[in-house]
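Chemist: Dropping in upload27.txt, which is compact mmCIF, C-alpha atoms and all ligand atoms:
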# COMPACT_ATOMS: atom_id res chain seq x y z
CA MET V 424 3.54 -12.41 34.94
CA LEU V 425 0.26 -10.74 35.85
CA PRO V 426 -2.40 -10.27 33.15
CA VAL V 427 -3.59 -7.14 31.39
CA GLY V 428 -7.27 -6.40 32.00
CA VAL V 429 -9.44 -5.30 29.08
CA PHE V 430 -13.08 -4.31 29.34
CA ASP V 431 -16.03 -3.11 27.33
CA SER V 432 -19.78 -2.97 27.79
CA GLY V 433 -19.93 -6.21 25.79
CA VAL V 434 -18.25 -7.81 22.80
CA GLY V 435 -17.09 -4.58 21.13
CA GLY V 436 -13.77 -4.55 22.93
CA LEU V 437 -12.95 -7.86 21.24
CA SER V 438 -11.99 -5.72 18.21
CA VAL V 439 -9.37 -4.08 20.42
CA LEU V 440 -8.40 -7.36 22.07
CA ALA V 441 -7.61 -8.84 18.65
CA ALA V 442 -5.16 -5.99 18.01
CA LEU V 443 -3.69 -6.34 21.52
CA ARG V 444 -3.07 -10.06 21.06
CA ALA V 445 -1.44 -9.48 17.69
CA GLU V 446 0.82 -6.75 19.10
CA LEU V 447 1.57 -8.47 22.42
CA PRO V 448 1.50 -12.25 21.80
CA HIS V 449 3.28 -13.11 25.04
CA GLU V 450 0.86 -11.29 27.33
CA ARG V 451 -1.94 -12.85 29.29
CA PHE V 452 -5.25 -10.99 28.96
CA VAL V 453 -8.43 -11.03 31.00
CA TYR V 454 -11.32 -9.71 28.93
CA PHE V 455 -14.40 -8.56 30.82
CA ALA V 456 -17.64 -8.08 28.88
CA ASP V 457 -20.22 -6.20 30.95
CA THR V 458 -22.99 -7.73 28.88
CA ALA V 459 -25.68 -7.76 31.55
CA PHE V 460 -25.38 -3.97 31.75
CA ALA V 461 -24.88 -3.17 28.04
CA PRO V 462 -25.29 -1.00 26.13
CA TYR V 463 -23.56 1.91 27.87
CA GLY V 464 -23.86 4.43 25.06
CA GLU V 465 -27.44 5.60 25.49
CA ARG V 466 -27.59 5.62 29.29
CA GLY V 467 -25.75 8.67 30.56
CA ASP V 468 -22.51 9.27 32.43
CA ALA V 469 -23.55 8.28 35.97
CA TYR V 470 -24.46 4.78 34.83
CA VAL V 471 -21.26 4.33 32.80
CA ILE V 472 -19.11 5.63 35.65
CA GLU V 473 -20.68 3.24 38.14
CA ARG V 474 -20.25 0.24 35.83
CA SER V 475 -16.67 1.16 34.90
CA ARG V 476 -15.74 1.45 38.58
CA LYS V 477 -17.28 -1.92 39.43
CA VAL V 478 -15.62 -3.73 36.53
CA ALA V 479 -12.19 -2.19 37.25
CA GLU V 480 -12.55 -3.09 40.92
CA GLN V 481 -13.37 -6.71 40.04
CA LEU V 482 -10.48 -7.08 37.58
CA ILE V 483 -8.04 -5.69 40.14
CA ALA V 484 -9.36 -7.74 43.06
CA GLU V 485 -9.63 -11.05 41.21
CA HIS V 486 -6.69 -10.89 38.83
CA GLY V 487 -4.27 -8.29 40.21
CA ILE V 488 -4.00 -6.88 36.68
CA LYS V 489 -0.78 -5.02 35.83
CA ALA V 490 -2.53 -2.66 33.39
CA LEU V 491 -6.07 -1.86 32.27
CA VAL V 492 -7.27 -1.18 28.73
CA VAL V 493 -10.65 0.53 28.62
CA ALA V 494 -11.69 -0.90 25.24
CA CYS V 495 -14.77 1.29 25.05
CA ASN V 496 -15.01 4.87 23.78
CA THR V 497 -18.07 5.56 25.91
CA ALA V 498 -16.43 4.39 29.15
CA THR V 499 -13.23 6.23 28.30
CA THR V 500 -15.02 9.53 27.80
CA ALA V 501 -17.16 9.16 30.93
CA ALA V 502 -14.89 7.47 33.42
CA ILE V 503 -11.20 7.14 32.58
CA HIS V 504 -10.16 10.27 34.50
CA LEU V 505 -11.90 8.92 37.61
CA LEU V 506 -10.33 5.46 37.28
CA ARG V 507 -6.88 7.06 36.89
CA ALA V 508 -7.45 9.13 40.01
CA GLU V 509 -8.64 6.10 41.97
CA TYR V 510 -5.80 3.79 40.86
CA PRO V 511 -2.78 6.07 40.42
CA THR V 512 -0.25 3.23 40.17
CA LEU V 513 -2.21 1.23 37.61
CA PRO V 514 -1.45 2.15 33.99
CA ILE V 515 -4.78 2.72 32.24
CA VAL V 516 -5.04 3.00 28.46
CA GLY V 517 -8.24 4.32 26.93
CA LEU V 518 -9.40 5.20 23.47
CA GLU V 519 -11.20 7.95 21.66
CA PRO V 520 -12.52 8.39 18.13
CA ALA V 521 -9.58 8.61 15.71
CA LEU V 522 -10.36 12.11 14.51
CA LYS V 523 -6.76 13.27 14.32
CA PRO V 524 -5.55 10.66 11.77
CA ALA V 525 -8.83 11.04 9.87
CA VAL V 526 -8.32 14.77 9.42
CA ALA V 527 -4.66 14.21 8.51
CA THR V 528 -5.46 11.76 5.72
CA SER V 529 -8.80 12.98 4.34
CA ARG V 530 -8.49 14.56 0.90
CA THR V 531 -11.97 16.06 0.70
CA GLY V 532 -11.94 17.33 4.29
CA HIS V 533 -15.36 15.75 4.87
CA ILE V 534 -15.38 13.15 7.64
CA SER V 535 -18.16 11.27 9.43
CA VAL V 536 -17.76 9.98 12.96
CA MET V 537 -19.98 7.02 13.85
CA ALA V 538 -20.18 6.50 17.62
CA THR V 539 -22.60 6.12 20.49
CA ARG V 540 -24.79 9.04 21.49
CA GLY V 541 -22.92 9.16 24.84
CA THR V 542 -19.51 9.54 23.20
CA LEU V 543 -20.68 12.17 20.73
CA ALA V 544 -22.42 14.21 23.43
CA SER V 545 -19.43 14.19 25.78
CA ALA V 546 -17.24 17.15 26.66
CA LYS V 547 -14.22 15.01 25.80
CA TYR V 548 -15.44 14.52 22.24
CA ALA V 549 -16.19 18.26 21.91
CA ALA V 550 -12.63 19.00 23.03
CA LEU V 551 -11.24 16.43 20.58
CA ARG V 552 -13.20 18.01 17.74
CA ASP V 553 -12.12 21.51 18.73
CA SER V 554 -8.47 20.43 18.84
CA PHE V 555 -8.25 18.39 15.66
CA ALA V 556 -11.08 19.18 13.26
CA GLY V 557 -9.44 22.37 12.02
CA SER V 558 -11.14 23.38 8.79
CA ALA V 559 -12.50 19.85 8.17
CA ASN V 560 -16.22 19.31 8.03
CA VAL V 561 -16.92 16.68 10.70
CA ARG V 562 -20.35 15.10 10.89
CA ALA V 563 -21.42 13.20 14.01
CA VAL V 564 -23.55 10.12 13.37
CA PRO V 565 -24.95 8.62 16.59
CA CYS V 566 -25.79 5.00 15.85
CA ASP V 567 -28.57 4.24 18.35
CA GLY V 568 -29.43 0.56 18.59
CA LEU V 569 -26.42 -0.77 16.69
CA VAL V 570 -24.55 -1.98 19.76
CA LYS V 571 -27.66 -3.78 20.98
CA ALA V 572 -28.10 -5.48 17.61
CA ILE V 573 -24.46 -6.62 17.59
CA GLU V 574 -24.71 -7.87 21.18
CA SER V 575 -27.69 -9.99 20.27
CA PHE V 576 -26.28 -11.26 16.95
CA ASP V 577 -29.40 -9.89 15.26
CA ALA V 578 -28.35 -10.01 11.59
CA THR V 579 -31.53 -8.35 10.31
CA ALA V 580 -31.25 -5.41 12.70
CA ILE V 581 -27.50 -5.10 12.01
CA ALA V 582 -28.14 -4.93 8.25
CA GLU V 583 -30.96 -2.38 8.61
CA LEU V 584 -29.08 -0.13 11.02
CA CYS V 585 -25.84 -0.22 9.03
CA ALA V 586 -27.79 0.83 5.91
CA ARG V 587 -29.54 3.63 7.80
CA TYR V 588 -26.46 5.09 9.46
CA MET V 589 -24.28 4.81 6.36
CA ALA V 590 -26.95 6.79 4.49
CA GLU V 591 -26.65 9.46 7.22
CA ALA V 592 -22.84 9.35 7.07
CA GLY V 593 -22.65 9.95 3.28
CA PRO V 594 -22.67 10.97 0.50
CA PHE V 595 -19.34 9.24 -0.06
CA GLY V 596 -16.74 9.88 -2.72
CA ASN V 597 -13.64 11.82 -3.58
CA ALA V 598 -15.33 14.86 -5.10
CA PRO V 599 -15.52 18.17 -3.21
CA GLY V 600 -18.17 18.00 -0.52
CA GLU V 601 -18.15 14.21 -0.35
CA VAL V 602 -17.12 12.15 2.68
CA ASP V 603 -13.98 10.07 2.03
CA THR V 604 -13.26 8.97 5.62
CA VAL V 605 -15.44 7.38 8.30
CA VAL V 606 -14.22 7.14 11.88
CA LEU V 607 -15.52 4.11 13.74
CA GLY V 608 -15.74 5.69 17.17
CA CYS V 609 -17.26 2.72 18.97
CA THR V 610 -15.35 -0.52 19.41
CA HIS V 611 -18.38 -2.56 18.39
CA TYR V 612 -18.48 -1.11 14.87
CA PRO V 613 -15.27 -2.68 13.45
CA LEU V 614 -16.99 -6.01 14.10
CA VAL V 615 -19.58 -5.14 11.43
CA LYS V 616 -17.26 -3.30 9.04
CA GLY V 617 -18.11 -5.74 6.24
CA GLU V 618 -21.79 -4.79 6.54
CA LEU V 619 -20.98 -1.06 6.63
CA GLN V 620 -18.77 -1.43 3.55
CA ARG V 621 -21.70 -2.80 1.56
CA HIS V 622 -23.13 0.73 1.55
CA ALA V 623 -19.98 2.54 0.48
CA PRO V 624 -17.61 2.78 -2.46
CA SER V 625 -14.56 0.56 -2.02
CA ALA V 626 -12.27 3.59 -1.75
CA LEU V 627 -14.00 4.85 1.42
CA ARG V 628 -11.55 4.81 4.31
CA PHE V 629 -12.69 3.45 7.69
CA ILE V 630 -10.47 4.31 10.66
CA ASP V 631 -10.62 2.57 14.01
CA THR V 632 -8.40 2.60 17.05
CA GLY V 633 -7.49 -1.04 17.73
CA ALA V 634 -3.91 -1.01 16.41
CA PRO V 635 -2.86 2.37 17.88
CA VAL V 636 -4.26 1.36 21.28
CA ALA V 637 -2.31 -1.90 21.15
CA GLN V 638 0.88 0.02 20.29
CA GLN V 639 0.25 2.49 23.10
CA THR V 640 -0.28 -0.40 25.53
CA ARG V 641 3.07 -1.87 24.45
CA ARG V 642 4.79 1.49 25.02
CA VAL V 643 3.22 1.91 28.45
CA LEU V 644 4.11 -1.63 29.60
CA ALA V 645 7.66 -1.29 28.25
CA SER V 646 8.22 2.04 29.98
CA LEU V 647 7.26 0.45 33.31
CA GLY V 648 9.27 -2.74 32.75
CA ARG V 649 6.04 -4.75 32.75
CA LEU V 650 6.20 -6.35 29.29
CA ALA V 651 6.04 -10.14 29.23
CA ASP V 652 9.29 -11.03 27.50
CA GLY V 653 8.47 -14.53 26.35
CA GLY V 654 6.27 -17.50 26.99
CA GLU V 655 2.84 -18.33 25.79
CA GLY V 656 0.19 -15.65 26.05
CA GLY V 657 -3.31 -16.47 27.18
CA LEU V 658 -6.85 -15.26 27.45
CA VAL V 659 -9.47 -15.51 30.15
CA LEU V 660 -12.97 -14.43 29.21
CA GLN V 661 -15.17 -13.11 31.96
CA GLY V 662 -18.36 -11.14 32.09
CA SER V 663 -21.57 -10.17 33.81
CA GLY V 664 -23.70 -12.08 31.31
CA ASP V 665 -24.00 -15.63 30.04
CA SER V 666 -20.51 -17.16 29.74
CA ALA V 667 -21.50 -19.54 26.92
CA VAL V 668 -22.76 -16.61 24.85
CA LEU V 669 -19.54 -14.69 25.49
CA GLU V 670 -17.45 -17.70 24.53
CA ALA V 671 -19.38 -18.10 21.28
CA ALA V 672 -19.13 -14.37 20.57
CA ALA V 673 -15.38 -14.40 21.14
CA ALA V 674 -14.91 -17.42 18.91
CA HIS V 675 -16.98 -15.67 16.25
CA TRP V 676 -15.60 -12.13 16.47
CA LEU V 677 -11.98 -13.05 17.09
CA GLN V 678 -12.28 -15.20 13.97
CA GLN V 679 -10.47 -18.07 15.49
CA PRO V 680 -11.40 -21.28 17.22
CA GLN V 681 -10.93 -21.59 20.94
CA GLN V 682 -7.25 -22.14 21.35
CA GLN V 683 -4.83 -23.44 23.90
CA GLY V 684 -4.31 -21.03 26.70
CA MET V 685 -7.84 -19.69 26.32
CA ALA V 686 -10.17 -20.41 29.17
CA ALA V 687 -13.66 -19.08 29.49
CA ARG V 688 -15.36 -18.91 32.78
CA ALA V 689 -18.48 -17.46 34.21
CA ALA V 690 -18.46 -14.77 36.78
CA THR V 691 -21.07 -13.10 38.87
CA ALA V 692 -22.09 -9.62 37.90
CA ALA V 693 -19.56 -7.07 38.98
N1 LIG L 1 -18.18 -0.40 22.59
C1 LIG L 1 -18.47 0.78 23.26
C2 LIG L 1 -17.83 2.01 22.72
O1 LIG L 1 -16.77 1.94 22.17
C3 LIG L 1 -19.80 1.04 23.89
C4 LIG L 1 -20.98 0.57 23.34
C5 LIG L 1 -22.20 0.68 24.22
O2 LIG L 1 -22.27 -0.05 25.20
O3 LIG L 1 -23.08 1.48 23.88
O4 LIG L 1 -18.35 3.09 22.88
Since I need it in another form, could you write the structure as structure tokens?
Ligand code: DGL
Modeler:
Amino acid sequence: MLPVGVFDSGVGGLSVLAALRAELPHERFVYFADTAFAPYGERGDAYVIERSRKVAEQLIAEHGIKALVVACNTATTAAIHLLRAEYPTLPIVGLEPALKPAVATSRTGHISVMATRGTLASAKYAALRDSFAGSANVRAVPCDGLVKAIESFDATAIAELCARYMAEAGPFGNAPGEVDTVVLGCTHYPLVKGELQRHAPSALRFIDTGAPVAQQTRRVLASLGRLADGGEGGLVLQGSGDSAVLEAAAAHWLQQPQQQGMAARAATAA
């Protein structure tokens, strides 16, 4: 059975990959981290489109992937429509900030969306907000620098930036006018949820998109008869950066030791 390709600008998509592997344990995945070209979120659409095209092309040419998961909000908003037009027979699943479930479950009607500047400035995000915000008060919090800090495992910068952006996302609470729900609109941010939570009351709800994307991928594969129906799943890690760093990051962020069926290998930049 052919693998499912998953990509992000770096390690952020590992938060989606974890959900995919839990939902689809028999599938083989190829995860591509475009680390040498990260971050995407502060660089503009043309750059993100070019990188997304190159990575998709490489995953298709080298692995003959049967589906592609764009595990990056920024790449989804900038490029998914182009990838779908270029590969009409390849099922492509993307993701966007989970505004709809946030609005549905918020009691105070005050929601903050933490995401990259690129995602929050996009026409796709504006359309999402127009469709689902309704009467909710939705605050956009662009988290410049946070992806870079996560990519470089810089604990001091991660702590500082999480404190700064949580201060911008609040005040939190269940009283009128207070934010009770935070949307993590960048796949890197669930990786530092523990650090974000340090600056919030325990009742604050964080919503990310890993599980719904995994369920959507299952539905798409099933509808096309492409679900792996048994056997051991597997994972190949690939990227445009240092393979040892990616391997270490995956072992760290996936919270599990390297396991059987997992092979990491270097690749040239896409
Ligand atoms: N993880 C990505 C996202 O969901 C992009 C981060 C970046 O490269 O800026 O938007």
Chemist: Could you give me, as a list in words, every polymer residue with an atom at most 7 Å away from an atom of ligand LIG 1 (chain L), counting all atoms listed in the file?
Modeler: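 For ligand LIG 1 (chain L), the residues inside 7 Å are Asp431, Ser432, Gly433, Gly435, Gly436, Ala461, Pro462, Tyr463, Gly464, Glu465, Ala494, Cys495, Asn496, Thr497, Ala498, Ala538, Thr539, Thr542, Val570, Gly608, Cys609, Thr610 and His611 of chain V.
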Chemist: Identify, on the basis of only C-alpha atoms, every residue whose closest approach to Arg621 in chain V does not exceed 9 Å; exclude the query and any residue fewer than 4 positions from it along the same chain; express the result as a PDB file with C-alpha atoms, in the coordinates of the input.
Modeler:
ATOM      1  CA  CYS V 585     -25.840  -0.220   9.030  1.00  0.00           C
ATOM      2  CA  ALA V 586     -27.790   0.830   5.910  1.00  0.00           C
ATOM      3  CA  LYS V 616     -17.260  -3.300   9.040  1.00  0.00           C
ATOM      4  CA  GLY V 617     -18.110  -5.740   6.240  1.00  0.00           C
ATOM      5  CA  SER V 625     -14.560   0.560  -2.020  1.00  0.00           C
TER       6      SER V 625
END
Chemist: Restricting the calculation to only C-alpha atoms: of V:Ser438, V:Thr528, V:Gln639, V:Thr512, which residue gets closest to Pro613 in chain V?
Modeler: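 Checking each candidate against Pro613 in chain V, we get V:Ser438 as the closest.
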Chemist: Counting all atoms listed in the file, what is within 10 Å of Pro624 in chain V, bar same-chain residues fewer than 6 positions away, as number ranges by chain?
Modeler: V: 595-597, 603
Chemist: Nearest residue to Ser535 in chain V out of V:Glu480, V:Glu591, V:Glu509, V:Glu574, using only C-alpha atoms?
Modeler: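 With only C-alpha atoms as the atom set, the closest residue is V:Glu591.
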Chemist: Expressed in Å to a single decimal, how great is the separation between CA of Val605 in chain V and CA of Arg628 in chain V?
Modeler: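 Answer for the CA of Val605 in chain V to CA of Arg628 in chain V separation: 6.1 Å.
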Chemist: With distances taken over only C-alpha atoms, which residue among V:Thr632, V:Gly600, V:Leu482, V:Val492 lies nearest Val429 in chain V?
Modeler: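 Of V:Thr632, V:Gly600, V:Leu482, V:Val492, the one nearest Val429 in chain V, counting only C-alpha atoms, is V:Val492.
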Chemist: Given only C-alpha atoms as the basis, pick out the residue of V:Ala580, V:Ala559, V:Val453, V:Val636 nearest to Glu601 in chain V.
Modeler: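 Using only C-alpha atoms, the shortest distance to Glu601 in chain V belongs to V:Ala559.
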Chemist: Nearest residue to Leu569 in chain V out of V:Glu446, V:Arg649, V:Leu614, V:Ser529, using only C-alpha atoms?
Modeler: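 Answer, going by the shortest atom-to-atom distance: V:Leu614.
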Chemist: Counting all atoms listed in the file, I want the residues whose atoms come within 10 Å of (-23.0, 0.2, 33.8) in the file frame, returned as a list in words.
Modeler: Ser432, Asp457, Thr458, Ala459, Phe460, Ala461, Pro462, Tyr463, Gly464, Arg466, Gly467, Asp468, Ala469, Tyr470, Val471, Ile472, Glu473, Arg474, Ser475, Arg476, Lys477, Val478, Ala498 and Ala693 of chain V
Chemist: Keeping only C-alpha atoms, write the selected residues to a file as a PDB file, in the coordinates of the input.
Modeler:
ATOM      1  CA  SER V 432     -19.780  -2.970  27.790  1.00  0.00           C
ATOM      2  CA  ASP V 457     -20.220  -6.200  30.950  1.00  0.00           C
ATOM      3  CA  THR V 458     -22.990  -7.730  28.880  1.00  0.00           C
ATOM      4  CA  ALA V 459     -25.680  -7.760  31.550  1.00  0.00           C
ATOM      5  CA  PHE V 460     -25.380  -3.970  31.750  1.00  0.00           C
ATOM      6  CA  ALA V 461     -24.880  -3.170  28.040  1.00  0.00           C
ATOM      7  CA  PRO V 462     -25.290  -1.000  26.130  1.00  0.00           C
ATOM      8  CA  TYR V 463     -23.560   1.910  27.870  1.00  0.00           C
ATOM      9  CA  GLY V 464     -23.860   4.430  25.060  1.00  0.00           C
ATOM     10  CA  ARG V 466     -27.590   5.620  29.290  1.00  0.00           C
ATOM     11  CA  GLY V 467     -25.750   8.670  30.560  1.00  0.00           C
ATOM     12  CA  ASP V 468     -22.510   9.270  32.430  1.00  0.00           C
ATOM     13  CA  ALA V 469     -23.550   8.280  35.970  1.00  0.00           C
ATOM     14  CA  TYR V 470     -24.460   4.780  34.830  1.00  0.00           C
ATOM     15  CA  VAL V 471     -21.260   4.330  32.800  1.00  0.00           C
ATOM     16  CA  ILE V 472     -19.110   5.630  35.650  1.00  0.00           C
ATOM     17  CA  GLU V 473     -20.680   3.240  38.140  1.00  0.00           C
ATOM     18  CA  ARG V 474     -20.250   0.240  35.830  1.00  0.00           C
ATOM     19  CA  SER V 475     -16.670   1.160  34.900  1.00  0.00           C
ATOM     20  CA  ARG V 476     -15.740   1.450  38.580  1.00  0.00           C
ATOM     21  CA  LYS V 477     -17.280  -1.920  39.430  1.00  0.00           C
ATOM     22  CA  VAL V 478     -15.620  -3.730  36.530  1.00  0.00           C
ATOM     23  CA  ALA V 498     -16.430   4.390  29.150  1.00  0.00           C
ATOM     24  CA  ALA V 693     -19.560  -7.070  38.980  1.00  0.00           C
TER      25      ALA V 693
END
Chemist: Can you write out as CSV which residues of range 467-505 of chain V fall within 12 Å of range 514-522 of chain V, alongside each residue's closest atom pair and its distance in Å to one decimal, counting all atoms listed in the file and ordering rows by chain and ascending residue number?
Modeler:
residue,atom,partner,partner_atom,distance
V:Ala479,CA,V:Ile515,CA,10.2
V:Ile483,CA,V:Pro514,CA,11.9
V:Ile488,CA,V:Pro514,CA,9.8
V:Lys489,CA,V:Pro514,CA,7.4
V:Ala490,CA,V:Pro514,CA,5.0
V:Leu491,CA,V:Ile515,CA,4.8
V:Val492,CA,V:Val516,CA,4.7
V:Val493,CA,V:Gly517,CA,4.8
V:Ala494,CA,V:Gly517,CA,6.5
V:Cys495,CA,V:Leu518,CA,6.8
V:Asn496,CA,V:Glu519,CA,5.3
V:Thr497,CA,V:Glu519,CA,8.4
V:Ala498,CA,V:Gly517,CA,8.5
V:Thr499,CA,V:Gly517,CA,5.5
V:Thr500,CA,V:Glu519,CA,7.4
V:Ala501,CA,V:Gly517,CA,10.9
V:Ala502,CA,V:Gly517,CA,9.8
V:Ile503,CA,V:Gly517,CA,7.0
V:His504,CA,V:Ile515,CA,9.5
V:Leu505,CA,V:Ile515,CA,10.9
Chemist: Store the residues of this selection in a file with C-alpha atoms, as a tab-separated table (two decimals), in the coordinates of the input.
Modeler:
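Below is the file again.tsv, written as the result:
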chain	number	residue	atom	x	y	z
V	479	ALA	CA	-12.19	-2.19	37.25
V	483	ILE	CA	-8.04	-5.69	40.14
V	488	ILE	CA	-4.00	-6.88	36.68
V	489	LYS	CA	-0.78	-5.02	35.83
V	490	ALA	CA	-2.53	-2.66	33.39
V	491	LEU	CA	-6.07	-1.86	32.27
V	492	VAL	CA	-7.27	-1.18	28.73
V	493	VAL	CA	-10.65	0.53	28.62
V	494	ALA	CA	-11.69	-0.90	25.24
V	495	CYS	CA	-14.77	1.29	25.05
V	496	ASN	CA	-15.01	4.87	23.78
V	497	THR	CA	-18.07	5.56	25.91
V	498	ALA	CA	-16.43	4.39	29.15
V	499	THR	CA	-13.23	6.23	28.30
V	500	THR	CA	-15.02	9.53	27.80
V	501	ALA	CA	-17.16	9.16	30.93
V	502	ALA	CA	-14.89	7.47	33.42
V	503	ILE	CA	-11.20	7.14	32.58
V	504	HIS	CA	-10.16	10.27	34.50
V	505	LEU	CA	-11.90	8.92	37.61
Chemist: Could you please determine the separation between CA of Ala651 in chain V and CA of Gln481 in chain V in Å, to one decimal place?
Modeler: 22.5 Å
Chemist: My list of candidates is V:Ala626, V:Ala674, V:Cys566, V:Arg530. Which is closest to Leu658 in chain V when distances are computed with all atoms listed in the file?
Modeler: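 For Leu658 in chain V, the nearest of the candidates is V:Ala674.
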Chemist: So which residues fall inside 12 Å of (-2.8, -9.8, 26.0) if we count all atoms listed in the file? Mind giving them as a PyMOL selection string?
Modeler: chain V and resi 424-429+437+439-454+488-492+637-638+640-641+644+650-651+654-660+684-685
Chemist: For CA of Asp665 in chain V and CA of Leu677 in chain V, determine how far apart the two atoms are, in Å to one decimal place.
Modeler: 17.9 Å
Chemist: Could you model N, CA, C and O atoms for range 503-519 of chain V and present them as an mmCIF file, in the frame of the given file?
Modeler:
data_model
loop_
_atom_site.group_PDB
_atom_site.id
_atom_site.type_symbol
_atom_site.label_atom_id
_atom_site.label_comp_id
_atom_site.auth_asym_id
_atom_site.auth_seq_id
_atom_site.Cartn_x
_atom_site.Cartn_y
_atom_site.Cartn_z
ATOM 1 N N ILE V 503 -12.617 7.477 32.458
ATOM 2 C CA ILE V 503 -11.200 7.140 32.580
ATOM 3 C C ILE V 503 -10.466 8.071 33.553
ATOM 4 O O ILE V 503 -9.587 7.635 34.294
ATOM 5 N N HIS V 504 -10.836 9.338 33.582
ATOM 6 C CA HIS V 504 -10.160 10.270 34.500
ATOM 7 C C HIS V 504 -10.405 9.874 35.953
ATOM 8 O O HIS V 504 -9.518 9.992 36.797
ATOM 9 N N LEU V 505 -11.588 9.343 36.243
ATOM 10 C CA LEU V 505 -11.900 8.920 37.610
ATOM 11 C C LEU V 505 -11.132 7.656 37.969
ATOM 12 O O LEU V 505 -10.598 7.517 39.073
ATOM 13 N N LEU V 506 -11.077 6.710 37.023
ATOM 14 C CA LEU V 506 -10.330 5.460 37.280
ATOM 15 C C LEU V 506 -8.856 5.785 37.519
ATOM 16 O O LEU V 506 -8.218 5.221 38.415
ATOM 17 N N ARG V 507 -8.310 6.696 36.718
ATOM 18 C CA ARG V 507 -6.880 7.060 36.890
ATOM 19 C C ARG V 507 -6.649 7.701 38.245
ATOM 20 O O ARG V 507 -5.627 7.461 38.883
ATOM 21 N N ALA V 508 -7.610 8.489 38.697
ATOM 22 C CA ALA V 508 -7.450 9.130 40.010
ATOM 23 C C ALA V 508 -7.572 8.095 41.126
ATOM 24 O O ALA V 508 -6.862 8.168 42.144
ATOM 25 N N GLU V 509 -8.434 7.103 40.931
ATOM 26 C CA GLU V 509 -8.640 6.100 41.970
ATOM 27 C C GLU V 509 -7.521 5.066 42.037
ATOM 28 O O GLU V 509 -7.245 4.497 43.091
ATOM 29 N N TYR V 510 -6.881 4.786 40.896
ATOM 30 C CA TYR V 510 -5.800 3.790 40.860
ATOM 31 C C TYR V 510 -4.546 4.420 40.247
ATOM 32 O O TYR V 510 -4.152 4.097 39.118
ATOM 33 N N PRO V 511 -3.891 5.309 41.001
ATOM 34 C CA PRO V 511 -2.780 6.070 40.420
ATOM 35 C C PRO V 511 -1.577 5.232 39.996
ATOM 36 O O PRO V 511 -0.801 5.663 39.162
ATOM 37 N N THR V 512 -1.429 4.028 40.552
ATOM 38 C CA THR V 512 -0.250 3.230 40.170
ATOM 39 C C THR V 512 -0.567 2.220 39.064
ATOM 40 O O THR V 512 0.316 1.515 38.596
ATOM 41 N N LEU V 513 -1.818 2.173 38.668
ATOM 42 C CA LEU V 513 -2.210 1.230 37.610
ATOM 43 C C LEU V 513 -2.191 1.961 36.261
ATOM 44 O O LEU V 513 -2.915 2.942 36.085
ATOM 45 N N PRO V 514 -1.374 1.505 35.302
ATOM 46 C CA PRO V 514 -1.450 2.150 33.990
ATOM 47 C C PRO V 514 -2.786 1.847 33.317
ATOM 48 O O PRO V 514 -3.202 0.689 33.258
ATOM 49 N N ILE V 515 -3.464 2.887 32.859
ATOM 50 C CA ILE V 515 -4.780 2.720 32.240
ATOM 51 C C ILE V 515 -4.757 3.353 30.850
ATOM 52 O O ILE V 515 -4.466 4.540 30.704
ATOM 53 N N VAL V 516 -5.037 2.528 29.845
ATOM 54 C CA VAL V 516 -5.040 3.000 28.460
ATOM 55 C C VAL V 516 -6.494 3.070 27.990
ATOM 56 O O VAL V 516 -7.247 2.113 28.159
ATOM 57 N N GLY V 517 -6.870 4.199 27.435
ATOM 58 C CA GLY V 517 -8.240 4.320 26.930
ATOM 59 C C GLY V 517 -8.222 4.607 25.439
ATOM 60 O O GLY V 517 -7.164 4.582 24.808
ATOM 61 N N LEU V 518 -9.383 4.855 24.885
ATOM 62 C CA LEU V 518 -9.400 5.200 23.470
ATOM 63 C C LEU V 518 -10.476 6.221 23.171
ATOM 64 O O LEU V 518 -11.446 6.382 23.912
ATOM 65 N N GLU V 519 -10.254 6.925 22.077
ATOM 66 C CA GLU V 519 -11.200 7.950 21.660
ATOM 67 C C GLU V 519 -11.299 7.910 20.144
ATOM 68 O O GLU V 519 -10.407 7.373 19.479
#
